Amino acid sequence: MTSPHRPVPHPGPAAGPGVGPAFDAVPALDGELRFDSAALDAASTDFGRLVHEPPAAVLRAGSAEDVATMVRHCRERGLKVAPRGQGHSTNGQAQVPSGLVIDLGSLDSVEFRDDTAIVQAGALWSSVVRASLPRGLTPPAFTDYLELSVGGTLSAGGLGGQIGHHGTQADNVLELQVVTGEGEIATCSPTVRPDLFRAALGGLGQCAIITRATLSLIPAPRSVRLYTLTFRSVTELTARQAELIGEGRFDYLVGQALPAPDGWTYMMEAASYDGTADADARLTDDLGAASVEAQDVPYFDFVNRLAATVEALTAMGEWTRPHPWYDSLLPASTVDTVVTDTLARLEPEAVGASAVILLYPVLTAKCRTPLPVMPDEEIAYLFSLLKTASPGADSADEMVVANRRQYDTTVEAGGCWYPIGSVPLTKDDWVRHFGRFWDEFEAARHRYDPDGVLTPGQRIF
């Protein structure tokens, strides 16, 4: 499947109002350099709706060469550059005041070679799986929401319910094409420029902009037997999750904390690919769940099932409100204490009407890339407070302050931040976050982006 977007020659500085000398003498481009208010406004916010910093220009990239050309142009003029996929960050990570936002959405081709997919960074995961399924193939790992860009999730790492078998989305990348902070188009892999490969996957755009990824594929199931189980306590849920992810009983495993009249209830979703009702008793009878429900779902409907929720939240107005999200990774040794204490003092107004609280296990040995950073235990847990500043709830600013307190609790418990959310961090926080990988990461930054051009919205360097 090739991109429907046709290259459009850059028309030069007359493209719109407000063009300053920084964008004089721009070389010819395959895409389009935009200065109009609609493009600048769209690039000055994100899903979080907390930070609003308009760029000076937006590049609608027509090729990787466009990205390299404009990175070189901006570097020569002392301008910062930020890549943007779907803008699903929550704290201005893809924004750059008075700089250049590179919109990668038009780089969305998906091609296949044997059991791999060669995918441009702006392609959505929904497009990738729709194109691979007719070939009987699928990416091994997904995030919950498929309408995210490949480049965006690989820059963060990409966590999901298949992590117990296949690791993160970054773990399933065979090769990358990137543009460095020097404006060089480079290919990297575990054996070709491995330092760049390690720093780009999960590297938050600090050393290079991902423009294309070669992804491994596996045979796709036709259907999914999906189980929804409830438990009475945090300890019951996490104990069962640890047992199940360790033995690999299910192909997919996630969980949530849900408000209940007398406190909280705990839900686990577990999936068996191409499973049947004949296996229900073997798979679930020994888990001690308070309730068990099972259903058969076509595979694509299963991986894309969040689409209906997003549609409902959009109709409610919740999807477009501020989202001060908090995502963390807790070691198994402290998860029960941190989650229990957090939920005991969590009031509904602190998270908003449509909040989702995720709690599910990660088998850290399956996460082979150094980023995203994981706790130093065999099993960790993603614990996420996906907040919405709904009417009547705490303000978005108050939620961000609470996120910082939660971050401090996480670090004290030996946990890590999964850095896609809204937490104000200092340089010392970032050094501590990257831990033993910091020296290698900082060296890669100096090697591949020596002038600090790339992705200032992460606020790391």
# chains A, B, ... in the order shown; residues from 1 in each chain; ligands from 1
$ closest_atom_pairs --of "region 40-69 of chain A" --to "region 416-428 of chain A" --cutoff "12 Å" --atoms "only C-alpha atoms" --output "tab-separated table"
residue	atom	partner	partner_atom	distance
A:Asp46	CA	A:Gly421	CA	11.5
A:Phe47	CA	A:Gly421	CA	10.3
A:Gly48	CA	A:Ser422	CA	7.9
A:Arg49	CA	A:Ser422	CA	10.5
A:Leu50	CA	A:Ser422	CA	8.6
A:Val51	CA	A:Ser422	CA	10.0
$ select_by_dssp --residues "region 197-405 of chain A" --states "helix (DSSP H, G or I)" --output "PyMOL selection string"
chain A and resi 197-200+234-247+277-287+299-303+306-316+332-344+348-350+364-366+396-405
$ closest_atom_pairs --of "region 41-115 of chain A" --to "region 179-202 of chain A" --cutoff "8 Å" --atoms "only C-alpha atoms" --output "Markdown table"
| residue | atom | partner | partner_atom | distance |
| --- | --- | --- | --- | --- |
| A:Ala64 | CA | A:Ile185 | CA | 7.4 |
| A:Glu65 | CA | A:Ile185 | CA | 7.5 |
| A:Val67 | CA | A:Val179 | CA | 7.0 |
| A:Ala68 | CA | A:Gly183 | CA | 4.4 |
| A:Thr69 | CA | A:Gly183 | CA | 6.5 |
| A:Met70 | CA | A:Gly183 | CA | 7.6 |
| A:Val71 | CA | A:Gly183 | CA | 5.1 |
| A:Arg72 | CA | A:Gly183 | CA | 4.8 |
| A:Arg75 | CA | A:Glu182 | CA | 7.3 |
$ residues_around --residues "Tyr273 (chain A)" --least-positions-apart "3" --cutoff "9 Å" --atoms "only C-alpha atoms" --output "PyMOL selection string"
chain A and resi 220-226+250-252+276+299
$ closest_atom_pairs --of "region 82-184 of chain A" --to "region 17-38 of chain A" --cutoff "12 Å" --atoms "only C-alpha atoms" --output "Markdown table"
| residue | atom | partner | partner_atom | distance |
| --- | --- | --- | --- | --- |
| A:Ser98 | CA | A:Ala22 | CA | 10.1 |
| A:Gly99 | CA | A:Ala22 | CA | 9.4 |
| A:Leu100 | CA | A:Leu33 | CA | 9.5 |
| A:Val101 | CA | A:Leu33 | CA | 10.0 |
| A:Ile102 | CA | A:Leu33 | CA | 9.2 |
| A:Asp103 | CA | A:Leu33 | CA | 10.0 |
| A:Leu104 | CA | A:Gly31 | CA | 10.5 |
| A:Gly105 | CA | A:Gly31 | CA | 11.4 |
| A:Ser106 | CA | A:Gly31 | CA | 8.7 |
| A:Leu107 | CA | A:Gly31 | CA | 9.9 |
$ write_last_selection --atoms "N, CA and C atoms" --output "compact mmCIF listing (two decimals), in the first residue's frame"
# COMPACT_ATOMS: atom_id res chain seq x y z
N SER A 98 8.64 29.14 18.07
CA SER A 98 9.39 29.90 17.06
C SER A 98 10.37 29.05 16.28
N GLY A 99 10.17 27.74 16.28
CA GLY A 99 11.01 26.85 15.49
C GLY A 99 10.21 26.18 14.39
N LEU A 100 10.64 24.97 14.01
CA LEU A 100 10.00 24.23 12.93
C LEU A 100 9.41 22.92 13.46
N VAL A 101 8.12 22.74 13.27
CA VAL A 101 7.49 21.44 13.50
C VAL A 101 7.48 20.68 12.18
N ILE A 102 7.97 19.45 12.23
CA ILE A 102 7.96 18.59 11.04
C ILE A 102 6.80 17.62 11.17
N ASP A 103 5.77 17.84 10.38
CA ASP A 103 4.59 16.98 10.37
C ASP A 103 4.90 15.77 9.50
N LEU A 104 5.00 14.61 10.15
CA LEU A 104 5.35 13.38 9.44
C LEU A 104 4.14 12.62 8.94
N GLY A 105 2.93 13.16 9.15
CA GLY A 105 1.72 12.42 8.82
C GLY A 105 1.60 12.06 7.36
N SER A 106 2.23 12.84 6.48
CA SER A 106 2.14 12.53 5.05
C SER A 106 3.13 11.45 4.62
N LEU A 107 4.06 11.09 5.48
CA LEU A 107 4.97 9.96 5.20
C LEU A 107 4.32 8.71 5.77
$ residues_around --residues "Ile357 (chain A)" --least-positions-apart "4" --cutoff "6 Å" --atoms "only C-alpha atoms" --output "JSON list (two decimals) with C-alpha atoms, in the first residue's frame"
[["chain", "number", "residue", "atom", "x", "y", "z"],
["A", 256, "GLN", "CA", -7.60, -1.86, 35.24],
["A", 257, "ALA", "CA", -8.79, -0.48, 38.54],
["A", 384, "SER", "CA", -1.20, 4.66, 34.66],
["A", 385, "LEU", "CA", -3.54, 7.41, 35.80]]
$ closest_residue --among "A:Leu133, A:Gly167, A:Phe461, A:Leu124" --to "His446 (chain A)" --atoms "only C-alpha atoms"
A:Phe461
$ closest_residue --among "A:Pro219, A:Gly205, A:Gly392, A:Pro348" --to "Gly263 (chain A)" --atoms "only C-alpha atoms"
A:Pro348
$ atom_distance --atom1 "CA of Ser44 (chain A)" --atom2 "CA of Ala396 (chain A)"
17.5 Å
$ residues_around --residues "region 311-322 of chain A" --least-positions-apart "6" --cutoff "12 Å" --atoms "only C-alpha atoms" --output "PyMOL selection string"
chain A and resi 45-52+88-92+305+351-356+386-391+393-400+421-422
$ write_last_selection --atoms "N, CA and C atoms" --output "mmCIF file, in the first residue's frame"
data_model
loop_
_atom_site.group_PDB
_atom_site.id
_atom_site.type_symbol
_atom_site.label_atom_id
_atom_site.label_comp_id
_atom_site.auth_asym_id
_atom_site.auth_seq_id
_atom_site.Cartn_x
_atom_site.Cartn_y
_atom_site.Cartn_z
ATOM 1 N N THR A 45 -0.418 22.812 19.745
ATOM 2 C CA THR A 45 -1.067 22.114 20.852
ATOM 3 C C THR A 45 -0.957 20.615 20.615
ATOM 4 N N ASP A 46 -1.430 19.814 21.557
ATOM 5 C CA ASP A 46 -1.389 18.362 21.418
ATOM 6 C C ASP A 46 -2.562 17.761 22.193
ATOM 7 N N PHE A 47 -2.566 16.455 22.318
ATOM 8 C CA PHE A 47 -3.672 15.775 22.989
ATOM 9 C C PHE A 47 -3.828 16.229 24.441
ATOM 10 N N GLY A 48 -2.710 16.576 25.082
ATOM 11 C CA GLY A 48 -2.784 17.013 26.471
ATOM 12 C C GLY A 48 -3.463 18.347 26.663
ATOM 13 N N ARG A 49 -3.350 19.212 25.670
ATOM 14 C CA ARG A 49 -3.939 20.558 25.728
ATOM 15 C C ARG A 49 -3.514 21.332 26.978
ATOM 16 N N LEU A 50 -2.259 21.148 27.344
ATOM 17 C CA LEU A 50 -1.700 21.854 28.485
ATOM 18 C C LEU A 50 -0.699 22.917 28.070
ATOM 19 N N VAL A 51 0.039 22.646 27.004
ATOM 20 C CA VAL A 51 1.101 23.524 26.521
ATOM 21 C C VAL A 51 0.692 24.039 25.151
ATOM 22 N N HIS A 52 0.897 25.331 24.911
ATOM 23 C CA HIS A 52 0.522 25.946 23.636
ATOM 24 C C HIS A 52 1.661 26.861 23.191
ATOM 25 N N HIS A 88 -0.112 13.096 19.862
ATOM 26 C CA HIS A 88 -0.799 12.462 20.985
ATOM 27 C C HIS A 88 -0.024 12.611 22.291
ATOM 28 N N SER A 89 1.038 13.387 22.292
ATOM 29 C CA SER A 89 1.741 13.674 23.537
ATOM 30 C C SER A 89 0.865 14.569 24.411
ATOM 31 N N THR A 90 1.227 14.691 25.684
ATOM 32 C CA THR A 90 0.335 15.399 26.605
ATOM 33 C C THR A 90 0.984 16.579 27.306
ATOM 34 N N ASN A 91 2.236 16.889 26.996
ATOM 35 C CA ASN A 91 2.883 17.988 27.712
ATOM 36 C C ASN A 91 3.797 18.811 26.808
ATOM 37 N N GLY A 92 3.389 18.981 25.548
ATOM 38 C CA GLY A 92 4.155 19.820 24.640
ATOM 39 C C GLY A 92 5.412 19.196 24.094
ATOM 40 N N ARG A 305 -10.345 -2.379 19.451
ATOM 41 C CA ARG A 305 -11.584 -2.220 20.205
ATOM 42 C C ARG A 305 -11.665 -0.908 20.968
ATOM 43 N N VAL A 351 -9.045 12.858 39.024
ATOM 44 C CA VAL A 351 -8.728 12.181 37.758
ATOM 45 C C VAL A 351 -9.741 12.483 36.659
ATOM 46 N N GLY A 352 -10.921 12.988 36.996
ATOM 47 C CA GLY A 352 -11.908 13.352 35.991
ATOM 48 C C GLY A 352 -12.877 12.245 35.671
ATOM 49 N N ALA A 353 -13.936 12.622 34.962
ATOM 50 C CA ALA A 353 -15.065 11.717 34.743
ATOM 51 C C ALA A 353 -14.726 10.525 33.871
ATOM 52 N N SER A 354 -13.817 10.675 32.920
ATOM 53 C CA SER A 354 -13.541 9.582 31.980
ATOM 54 C C SER A 354 -12.169 8.958 32.192
ATOM 55 N N ALA A 355 -11.625 9.111 33.381
ATOM 56 C CA ALA A 355 -10.280 8.592 33.653
ATOM 57 C C ALA A 355 -10.227 7.078 33.503
ATOM 58 N N VAL A 356 -9.075 6.600 33.093
ATOM 59 C CA VAL A 356 -8.787 5.169 33.031
ATOM 60 C C VAL A 356 -7.548 4.921 33.879
ATOM 61 N N LEU A 386 -4.737 7.866 33.752
ATOM 62 C CA LEU A 386 -5.035 8.593 32.519
ATOM 63 C C LEU A 386 -6.169 9.570 32.817
ATOM 64 N N LYS A 387 -5.783 10.761 33.197
ATOM 65 C CA LYS A 387 -6.703 11.758 33.742
ATOM 66 C C LYS A 387 -7.299 12.626 32.641
ATOM 67 N N THR A 388 -8.473 13.158 32.925
ATOM 68 C CA THR A 388 -9.116 14.156 32.071
ATOM 69 C C THR A 388 -9.614 15.292 32.948
ATOM 70 N N ALA A 389 -9.287 16.520 32.574
ATOM 71 C CA ALA A 389 -9.757 17.686 33.322
ATOM 72 C C ALA A 389 -11.205 17.976 32.928
ATOM 73 N N SER A 390 -12.098 17.126 33.412
ATOM 74 C CA SER A 390 -13.526 17.218 33.108
ATOM 75 C C SER A 390 -14.151 18.396 33.871
ATOM 76 N N PRO A 391 -15.326 18.856 33.436
ATOM 77 C CA PRO A 391 -16.039 19.874 34.210
ATOM 78 C C PRO A 391 -16.291 19.390 35.635
ATOM 79 N N ALA A 393 -14.027 18.703 37.811
ATOM 80 C CA ALA A 393 -12.843 18.036 38.332
ATOM 81 C C ALA A 393 -11.775 19.067 38.687
ATOM 82 N N ASP A 394 -10.691 18.594 39.284
ATOM 83 C CA ASP A 394 -9.552 19.471 39.525
ATOM 84 C C ASP A 394 -9.089 20.081 38.204
ATOM 85 N N SER A 395 -8.431 21.211 38.295
ATOM 86 C CA SER A 395 -7.909 21.830 37.083
ATOM 87 C C SER A 395 -6.755 21.010 36.535
ATOM 88 N N ALA A 396 -6.458 21.229 35.263
ATOM 89 C CA ALA A 396 -5.328 20.533 34.653
ATOM 90 C C ALA A 396 -4.038 20.850 35.392
ATOM 91 N N ASP A 397 -3.851 22.094 35.825
ATOM 92 C CA ASP A 397 -2.633 22.460 36.558
ATOM 93 C C ASP A 397 -2.531 21.707 37.870
ATOM 94 N N GLU A 398 -3.651 21.564 38.572
ATOM 95 C CA GLU A 398 -3.638 20.805 39.826
ATOM 96 C C GLU A 398 -3.297 19.342 39.572
ATOM 97 N N MET A 399 -3.785 18.801 38.478
ATOM 98 C CA MET A 399 -3.480 17.408 38.143
ATOM 99 C C MET A 399 -1.993 17.231 37.847
ATOM 100 N N VAL A 400 -1.372 18.196 37.178
ATOM 101 C CA VAL A 400 0.060 18.117 36.898
ATOM 102 C C VAL A 400 0.864 18.157 38.201
ATOM 103 N N GLY A 421 3.727 11.275 29.463
ATOM 104 C CA GLY A 421 2.696 12.022 30.153
ATOM 105 C C GLY A 421 3.107 13.425 30.532
ATOM 106 N N SER A 422 2.502 13.920 31.613
ATOM 107 C CA SER A 422 2.625 15.319 32.009
ATOM 108 C C SER A 422 3.211 15.400 33.405
#
$ residues_around --residues "Val150 (chain A)" --least-positions-apart "4" --cutoff "7 Å" --atoms "only C-alpha atoms" --output "list in words"
Ala121, Gly122, Ala123, Leu124, Trp125 and Leu154 of chain A
$ closest_residue --among "A:Trp325, A:Val128, A:Thr340, A:Arg436" --to "Val401 (chain A)" --atoms "only C-alpha atoms"
A:Trp325
